[in-house]
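*Asks:* You'll find protein06.txt just under this line, and it carries compact mmCIF, C-alpha atoms.
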# COMPACT_ATOMS: atom_id res chain seq x y z
CA MET A 240 29.65 -6.76 50.46
CA LEU A 241 28.84 -3.05 50.83
CA ASP A 242 32.04 -2.10 48.99
CA ARG A 243 31.14 -4.41 46.14
CA LEU A 244 27.63 -2.96 45.85
CA MET A 245 28.95 0.59 45.91
CA SER A 246 31.48 -0.21 43.17
CA ARG A 247 28.85 -1.32 40.69
CA PRO A 248 28.53 1.10 37.77
CA LYS A 249 25.50 3.37 37.96
CA VAL A 250 22.89 3.25 35.23
CA SER A 251 23.32 6.25 32.96
CA ASP A 252 20.41 8.38 31.81
CA GLU A 253 20.83 6.89 28.33
CA GLN A 254 20.58 3.35 29.72
CA LYS A 255 17.62 3.88 32.05
CA GLY A 256 14.96 2.86 29.57
CA ARG A 257 16.83 -0.37 28.87
CA VAL A 258 17.71 -1.53 32.37
CA PRO A 259 14.91 -3.06 34.46
CA PRO A 260 14.42 -1.95 38.07
CA GLY A 261 16.89 -3.37 40.57
CA GLN A 262 19.50 -4.22 37.91
CA TYR A 263 23.04 -2.96 37.35
CA VAL A 264 24.98 -2.96 34.07
CA THR A 265 28.02 -5.20 33.62
CA GLN A 266 30.47 -5.34 30.74
CA LYS A 267 31.20 -9.00 31.52
CA TRP A 268 28.99 -12.02 30.95
CA PRO A 269 28.90 -13.69 34.37
CA VAL A 270 28.84 -17.49 34.52
CA LEU A 271 26.07 -18.86 36.72
CA HIS A 272 24.52 -22.31 36.74
CA TYR A 273 23.64 -25.22 38.98
CA GLY A 274 25.85 -28.30 38.74
CA SER A 275 28.86 -28.99 36.57
CA VAL A 276 29.53 -28.12 32.94
CA PRO A 277 28.52 -31.19 30.92
CA ALA A 278 30.78 -32.89 28.42
CA VAL A 279 29.31 -32.92 24.91
CA ASP A 280 29.91 -35.26 21.98
CA LEU A 281 28.39 -33.67 18.86
CA ALA A 282 28.52 -37.02 17.05
CA THR A 283 25.87 -38.43 19.40
CA TRP A 284 24.14 -35.18 20.46
CA ASP A 285 20.48 -34.80 19.55
CA PHE A 286 17.51 -32.55 20.28
CA ARG A 287 13.96 -33.75 20.82
CA VAL A 288 10.64 -31.94 20.21
CA TRP A 289 7.56 -33.70 21.55
CA GLY A 290 4.30 -33.45 23.50
CA GLU A 291 1.28 -31.54 22.20
CA VAL A 292 2.53 -31.41 18.61
CA GLU A 293 1.34 -33.00 15.37
CA ASP A 294 4.81 -34.03 14.22
CA PRO A 295 7.25 -34.84 17.03
CA PHE A 296 10.82 -35.04 15.78
CA THR A 297 14.45 -35.34 16.79
CA PHE A 298 17.37 -33.69 15.04
CA SER A 299 21.14 -34.13 15.12
CA TRP A 300 23.77 -31.41 15.34
CA GLU A 301 24.39 -31.63 11.59
CA GLU A 302 20.67 -31.21 10.93
CA PHE A 303 20.51 -28.24 13.27
CA ARG A 304 23.33 -26.52 11.40
CA ARG A 305 21.37 -26.83 8.12
CA MET A 306 18.27 -25.09 9.51
CA PRO A 307 17.38 -21.45 8.71
CA ARG A 308 19.37 -19.00 10.82
CA LYS A 309 18.79 -15.59 12.31
CA SER A 310 20.72 -13.01 14.33
CA ILE A 311 19.37 -10.79 17.10
CA HIS A 312 20.83 -7.82 19.00
CA ARG A 313 19.37 -7.66 22.52
CA ASP A 314 19.95 -6.80 26.17
CA ILE A 315 19.85 -9.67 28.68
CA HIS A 316 18.94 -9.60 32.37
CA CYS A 317 19.81 -12.05 35.16
CA VAL A 318 17.76 -12.61 38.30
CA THR A 319 20.97 -12.04 40.28
CA ARG A 320 20.61 -8.37 39.22
CA TRP A 321 23.13 -7.95 36.42
CA THR A 322 22.17 -6.69 32.98
CA ARG A 323 24.39 -6.92 29.91
CA LEU A 324 23.54 -4.57 27.08
CA ASP A 325 23.99 -5.01 23.33
CA MET A 326 24.55 -8.75 23.06
CA ASP A 327 24.44 -10.48 19.70
CA PHE A 328 23.12 -14.02 19.33
CA GLU A 329 22.82 -16.23 16.28
CA GLY A 330 20.95 -19.46 15.81
CA VAL A 331 17.72 -21.02 14.62
CA PRO A 332 14.55 -18.97 15.22
CA ILE A 333 12.18 -20.81 17.51
CA ARG A 334 9.34 -20.21 15.09
CA HIS A 335 11.03 -22.55 12.62
CA ILE A 336 10.86 -25.29 15.25
CA LEU A 337 7.22 -24.49 16.05
CA GLU A 338 6.22 -24.58 12.41
CA ARG A 339 7.96 -27.89 11.81
CA ALA A 340 6.39 -29.46 14.91
CA GLY A 341 2.86 -28.31 14.11
CA LEU A 342 1.52 -27.33 17.52
CA LYS A 343 -1.82 -28.75 18.54
CA PRO A 344 -4.48 -26.31 19.82
CA SER A 345 -3.95 -27.87 23.25
CA ALA A 346 -0.31 -26.69 23.39
CA ARG A 347 -0.17 -23.78 25.84
CA PHE A 348 3.13 -24.27 27.70
CA VAL A 349 6.61 -25.59 27.05
CA VAL A 350 9.15 -27.30 29.31
CA GLU A 351 12.79 -26.79 28.31
CA HIS A 352 14.79 -29.96 28.98
CA ALA A 353 18.55 -29.58 29.35
CA GLU A 354 21.53 -31.72 30.32
CA GLN A 355 21.68 -33.29 33.79
CA GLY A 356 17.90 -33.22 34.19
CA TYR A 357 17.61 -29.43 34.40
CA THR A 358 14.28 -27.94 33.29
CA THR A 359 12.59 -24.58 33.11
CA ASN A 360 9.18 -23.61 31.77
CA LEU A 361 7.46 -20.91 29.73
CA PRO A 362 3.99 -20.08 28.45
CA LEU A 363 3.74 -20.64 24.71
CA GLU A 364 3.02 -16.96 24.06
CA VAL A 365 6.41 -16.05 25.57
CA LEU A 366 8.29 -18.72 23.62
CA ASP A 367 6.55 -17.85 20.35
CA ASP A 368 8.33 -14.54 19.80
CA ASP A 369 10.42 -13.32 16.90
CA ASP A 370 13.45 -12.71 19.14
CA VAL A 371 13.60 -16.21 20.68
CA LEU A 372 16.39 -18.39 19.31
CA LEU A 373 18.01 -21.75 19.73
CA ALA A 374 21.42 -20.09 19.79
CA ASP A 375 24.85 -21.57 19.19
CA VAL A 376 26.72 -18.25 18.70
CA ALA A 377 27.09 -15.30 21.09
CA ASP A 378 28.88 -12.07 20.16
CA GLY A 379 30.21 -13.63 16.98
CA GLU A 380 31.77 -16.70 18.61
CA PRO A 381 30.50 -20.22 19.29
CA LEU A 382 29.07 -20.59 22.77
CA THR A 383 31.67 -21.54 25.35
CA PRO A 384 31.00 -24.62 27.50
CA GLU A 385 30.25 -22.38 30.53
CA HIS A 386 27.59 -20.48 28.57
CA GLY A 387 25.79 -23.52 27.21
CA TYR A 388 27.80 -25.05 24.35
CA PRO A 389 26.65 -26.34 22.01
CA LEU A 390 23.15 -24.88 22.28
CA ARG A 391 21.03 -22.74 24.54
CA LEU A 392 17.63 -21.15 24.27
CA VAL A 393 17.66 -17.34 24.29
CA VAL A 394 14.51 -15.64 25.61
CA PRO A 395 15.44 -11.96 26.02
CA GLN A 396 12.09 -10.92 27.49
CA ARG A 397 12.58 -12.99 30.67
CA TYR A 398 15.24 -13.32 33.37
CA PHE A 399 17.99 -15.37 31.84
CA TRP A 400 17.49 -18.57 33.84
CA LYS A 401 14.57 -19.12 31.45
CA SER A 402 17.16 -19.30 28.64
CA ALA A 403 18.29 -22.83 29.43
CA LYS A 404 21.93 -23.72 28.77
CA TRP A 405 22.85 -27.10 27.24
CA ILE A 406 19.28 -27.51 26.04
CA ARG A 407 18.31 -30.91 24.62
CA GLY A 408 14.58 -30.73 24.05
CA LEU A 409 11.25 -28.91 24.14
CA GLN A 410 8.17 -30.60 25.55
CA PHE A 411 4.87 -28.91 24.70
CA ARG A 412 2.11 -29.28 27.24
CA ALA A 413 -1.53 -28.40 27.80
CA GLU A 414 -0.81 -27.52 31.44
CA ASP A 415 2.11 -25.76 33.06
CA GLN A 416 4.84 -27.72 34.84
CA LEU A 417 7.30 -25.94 37.10
CA GLY A 418 10.99 -26.24 36.27
CA PHE A 419 13.99 -26.70 38.55
CA TRP A 420 14.36 -23.17 39.96
CA GLU A 421 10.62 -22.54 39.85
CA ARG A 422 10.11 -25.46 42.25
CA TYR A 423 12.64 -23.83 44.58
CA GLY A 424 10.76 -20.54 44.77
CA TYR A 425 11.81 -18.56 41.72
CA HIS A 426 8.94 -16.66 40.13
CA ASN A 427 7.13 -18.63 37.43
CA GLU A 428 6.73 -15.62 35.11
CA ALA A 429 10.25 -14.12 35.51
CA ASP A 430 9.50 -10.76 33.87
CA PRO A 431 12.46 -8.48 34.68
CA TRP A 432 10.43 -5.32 34.15
CA GLN A 433 8.05 -6.45 36.88
CA GLU A 434 10.94 -7.64 39.11
CA GLN A 435 9.40 -11.09 39.25
CA ARG A 436 12.37 -12.73 40.92
CA PHE A 437 10.81 -14.95 43.58
CA SER A 438 7.32 -16.36 43.99
CA ASP A 439 6.83 -14.88 47.48
CA GLU A 440 7.56 -11.31 46.40
What is this file in structure tokens?
*Replies:*
Amino acid sequence: MLDRLMSRPKVSDEQKGRVPPGQYVTQKWPVLHYGSVPAVDLATWDFRVWGEVEDPFTFSWEEFRRMPRKSIHRDIHCVTRWTRLDMDFEGVPIRHILERAGLKPSARFVVEHAEQGYTTNLPLEVLDDDDVLLADVADGEPLTPEHGYPLRLVVPQRYFWKSAKWIRGLQFRAEDQLGFWERYGYHNEADPWQEQRFSDE
């Protein structure tokens, strides 16, 4: 274990302003998730938006691919302490989804619903950001199954478990509801710059 820690690349002076405390930089994109990689049939796949919205709706994969698209260039940070710099993601900006749904004034939180019953949660003000995407492309290639194919949320301002893989829906709520890892002690806010890894820290 000590040898592995000592072999991690040090953060350069140039990188210091981009790497949150306690993180190390990796050139790889590690694969981490709970449970198995789900099988996906795009012919029957759909995505649901509901809860505290004026116009709940469901869309198919074909409908998703016709929505407005956007690319972002961002660094991402995992609670397990790795950071990957200069990643490119492409997909549908979350603000397109919010505008189509018509959020009610009571909408203050969102629960991300993914395959196999996985959930995670965010305050609306974190979700409603111009760099949050429903992404189907990473670094110029379609997402691989291990990284969330066909679709994942990308929320660069939070530890990456808040960017749910295999996402299937967004439920808008008036009150917060803890997700899977949050119920097991992960920090509800998950701000990497504050090192909000676990709720008892």
*Asks:* Enter the distance from atom CA of Tyr357 of chain A to atom CA of Arg334 of chain A, in Å, rounded to one decimal.
*Replies:* 22.9 Å
*Asks:* What are the closest atom pairs, with distances in Å to one decimal, for each residue of segment 352-395 of chain A lying within 10 Å of segment 410-419 of chain A, using only C-alpha atoms, rows by chain and rising residue number, as CSV?
*Replies:*
residue,atom,partner,partner_atom,distance
A:His352,CA,A:Gln410,CA,7.5
A:Gly356,CA,A:Phe419,CA,8.8
A:Tyr357,CA,A:Phe419,CA,6.1
A:Thr358,CA,A:Gly418,CA,4.8
A:Thr359,CA,A:Gly418,CA,3.9
A:Asn360,CA,A:Gly418,CA,5.5
A:Leu361,CA,A:Asp415,CA,8.0
A:Pro362,CA,A:Asp415,CA,7.6
A:Leu363,CA,A:Phe411,CA,8.3
*Asks:* Hey, can you spit out that residue selection with C-alpha atoms as a PDB file, keeping the file's coordinate frame?
*Replies:*
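Saved result, again_4.pdb, follows:
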ATOM      1  CA  HIS A 352      14.790 -29.960  28.980  1.00  0.00           C
ATOM      2  CA  GLY A 356      17.900 -33.220  34.190  1.00  0.00           C
ATOM      3  CA  TYR A 357      17.610 -29.430  34.400  1.00  0.00           C
ATOM      4  CA  THR A 358      14.280 -27.940  33.290  1.00  0.00           C
ATOM      5  CA  THR A 359      12.590 -24.580  33.110  1.00  0.00           C
ATOM      6  CA  ASN A 360       9.180 -23.610  31.770  1.00  0.00           C
ATOM      7  CA  LEU A 361       7.460 -20.910  29.730  1.00  0.00           C
ATOM      8  CA  PRO A 362       3.990 -20.080  28.450  1.00  0.00           C
ATOM      9  CA  LEU A 363       3.740 -20.640  24.710  1.00  0.00           C
TER      10      LEU A 363
END
*Asks:* Around all the atoms of segment 358-374 of chain A listed in the file, with 6 Å of room on each side, what axis-aligned box do you get, giving centre and edge lengths in Å to one decimal, as lines of an AutoDock Vina configuration file?
*Replies:*
center_x = 12.2
center_y = -20.3
center_z = 25.1
size_x = 30.4
size_y = 27.2
size_z = 28.4
*Asks:* At what distance in Å, to one decimal, does atom CA of Leu382 of chain A lie from atom CA of Val279 of chain A?
*Replies:*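 Separating atom CA of Val279 of chain A from atom CA of Leu382 of chain A is a distance of 12.5 Å.
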*Asks:* Using only C-alpha atoms, which residues sit within 7 Å of Leu409 of chain A once same-chain residues fewer than 4 positions away are excluded, as a list in words?
*Replies:*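 Residues meeting the cut-off are Arg287, Val288, Trp289, Val349, Val350, Glu351 and His352 of chain A.
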*Asks:* Show me the residues around (24.7, -24.6, 16.0) - criterion: an atom at most 10 Å away, all atoms listed in the file counted - as a compact mmCIF listing (two decimals) with C-alpha atoms, keeping the file's coordinate frame.
*Replies:*
# COMPACT_ATOMS: atom_id res chain seq x y z
CA TRP A 300 23.77 -31.41 15.34
CA GLU A 301 24.39 -31.63 11.59
CA GLU A 302 20.67 -31.21 10.93
CA PHE A 303 20.51 -28.24 13.27
CA ARG A 304 23.33 -26.52 11.40
CA ARG A 305 21.37 -26.83 8.12
CA MET A 306 18.27 -25.09 9.51
CA ARG A 308 19.37 -19.00 10.82
CA GLU A 329 22.82 -16.23 16.28
CA GLY A 330 20.95 -19.46 15.81
CA VAL A 331 17.72 -21.02 14.62
CA LEU A 373 18.01 -21.75 19.73
CA ALA A 374 21.42 -20.09 19.79
CA ASP A 375 24.85 -21.57 19.19
CA VAL A 376 26.72 -18.25 18.70
CA PRO A 381 30.50 -20.22 19.29
CA LEU A 382 29.07 -20.59 22.77
CA TYR A 388 27.80 -25.05 24.35
CA PRO A 389 26.65 -26.34 22.01
CA LEU A 390 23.15 -24.88 22.28
CA ARG A 391 21.03 -22.74 24.54
*Asks:* Between atom CA of Thr322 of chain A and atom CA of Lys267 of chain A, what is the spacing in Å?
*Replies:* 9.4 Å
*Asks:* Select segment 340-352 of chain A in the preceding structure and write N, CA and C atoms to a file as a PDB file, in the first residue's frame.
*Replies:*
ATOM      1  N   ALA A 340     -39.070  20.937 -18.754  1.00  0.00           N
ATOM      2  CA  ALA A 340     -39.891  20.433 -17.649  1.00  0.00           C
ATOM      3  C   ALA A 340     -40.696  21.535 -16.986  1.00  0.00           C
ATOM      4  N   GLY A 341     -40.168  22.759 -16.968  1.00  0.00           N
ATOM      5  CA  GLY A 341     -40.860  23.851 -16.289  1.00  0.00           C
ATOM      6  C   GLY A 341     -40.909  23.631 -14.787  1.00  0.00           C
ATOM      7  N   LEU A 342     -39.825  23.908 -14.103  1.00  0.00           N
ATOM      8  CA  LEU A 342     -39.758  23.637 -12.668  1.00  0.00           C
ATOM      9  C   LEU A 342     -40.753  24.498 -11.889  1.00  0.00           C
ATOM     10  N   LYS A 343     -41.412  23.872 -10.944  1.00  0.00           N
ATOM     11  CA  LYS A 343     -42.275  24.612 -10.028  1.00  0.00           C
ATOM     12  C   LYS A 343     -41.416  25.355  -9.006  1.00  0.00           C
ATOM     13  N   PRO A 344     -41.931  26.432  -8.410  1.00  0.00           N
ATOM     14  CA  PRO A 344     -41.177  27.138  -7.368  1.00  0.00           C
ATOM     15  C   PRO A 344     -40.792  26.231  -6.204  1.00  0.00           C
ATOM     16  N   SER A 345     -41.550  25.168  -6.000  1.00  0.00           N
ATOM     17  CA  SER A 345     -41.276  24.242  -4.894  1.00  0.00           C
ATOM     18  C   SER A 345     -40.088  23.329  -5.164  1.00  0.00           C
ATOM     19  N   ALA A 346     -39.603  23.260  -6.402  1.00  0.00           N
ATOM     20  CA  ALA A 346     -38.493  22.368  -6.752  1.00  0.00           C
ATOM     21  C   ALA A 346     -37.185  22.939  -6.213  1.00  0.00           C
ATOM     22  N   ARG A 347     -36.583  22.228  -5.256  1.00  0.00           N
ATOM     23  CA  ARG A 347     -35.331  22.697  -4.653  1.00  0.00           C
ATOM     24  C   ARG A 347     -34.232  21.639  -4.679  1.00  0.00           C
ATOM     25  N   PHE A 348     -34.598  20.397  -4.942  1.00  0.00           N
ATOM     26  CA  PHE A 348     -33.636  19.295  -4.969  1.00  0.00           C
ATOM     27  C   PHE A 348     -33.960  18.354  -6.127  1.00  0.00           C
ATOM     28  N   VAL A 349     -32.990  17.530  -6.495  1.00  0.00           N
ATOM     29  CA  VAL A 349     -33.224  16.521  -7.513  1.00  0.00           C
ATOM     30  C   VAL A 349     -32.624  15.203  -7.039  1.00  0.00           C
ATOM     31  N   VAL A 350     -33.327  14.113  -7.342  1.00  0.00           N
ATOM     32  CA  VAL A 350     -32.795  12.764  -7.137  1.00  0.00           C
ATOM     33  C   VAL A 350     -32.521  12.179  -8.509  1.00  0.00           C
ATOM     34  N   GLU A 351     -31.264  11.747  -8.732  1.00  0.00           N
ATOM     35  CA  GLU A 351     -30.889  11.075  -9.969  1.00  0.00           C
ATOM     36  C   GLU A 351     -31.214   9.590  -9.805  1.00  0.00           C
ATOM     37  N   HIS A 352     -32.013   9.064 -10.706  1.00  0.00           N
ATOM     38  CA  HIS A 352     -32.377   7.641 -10.686  1.00  0.00           C
ATOM     39  C   HIS A 352     -31.639   6.932 -11.807  1.00  0.00           C
TER      40      HIS A 352
END
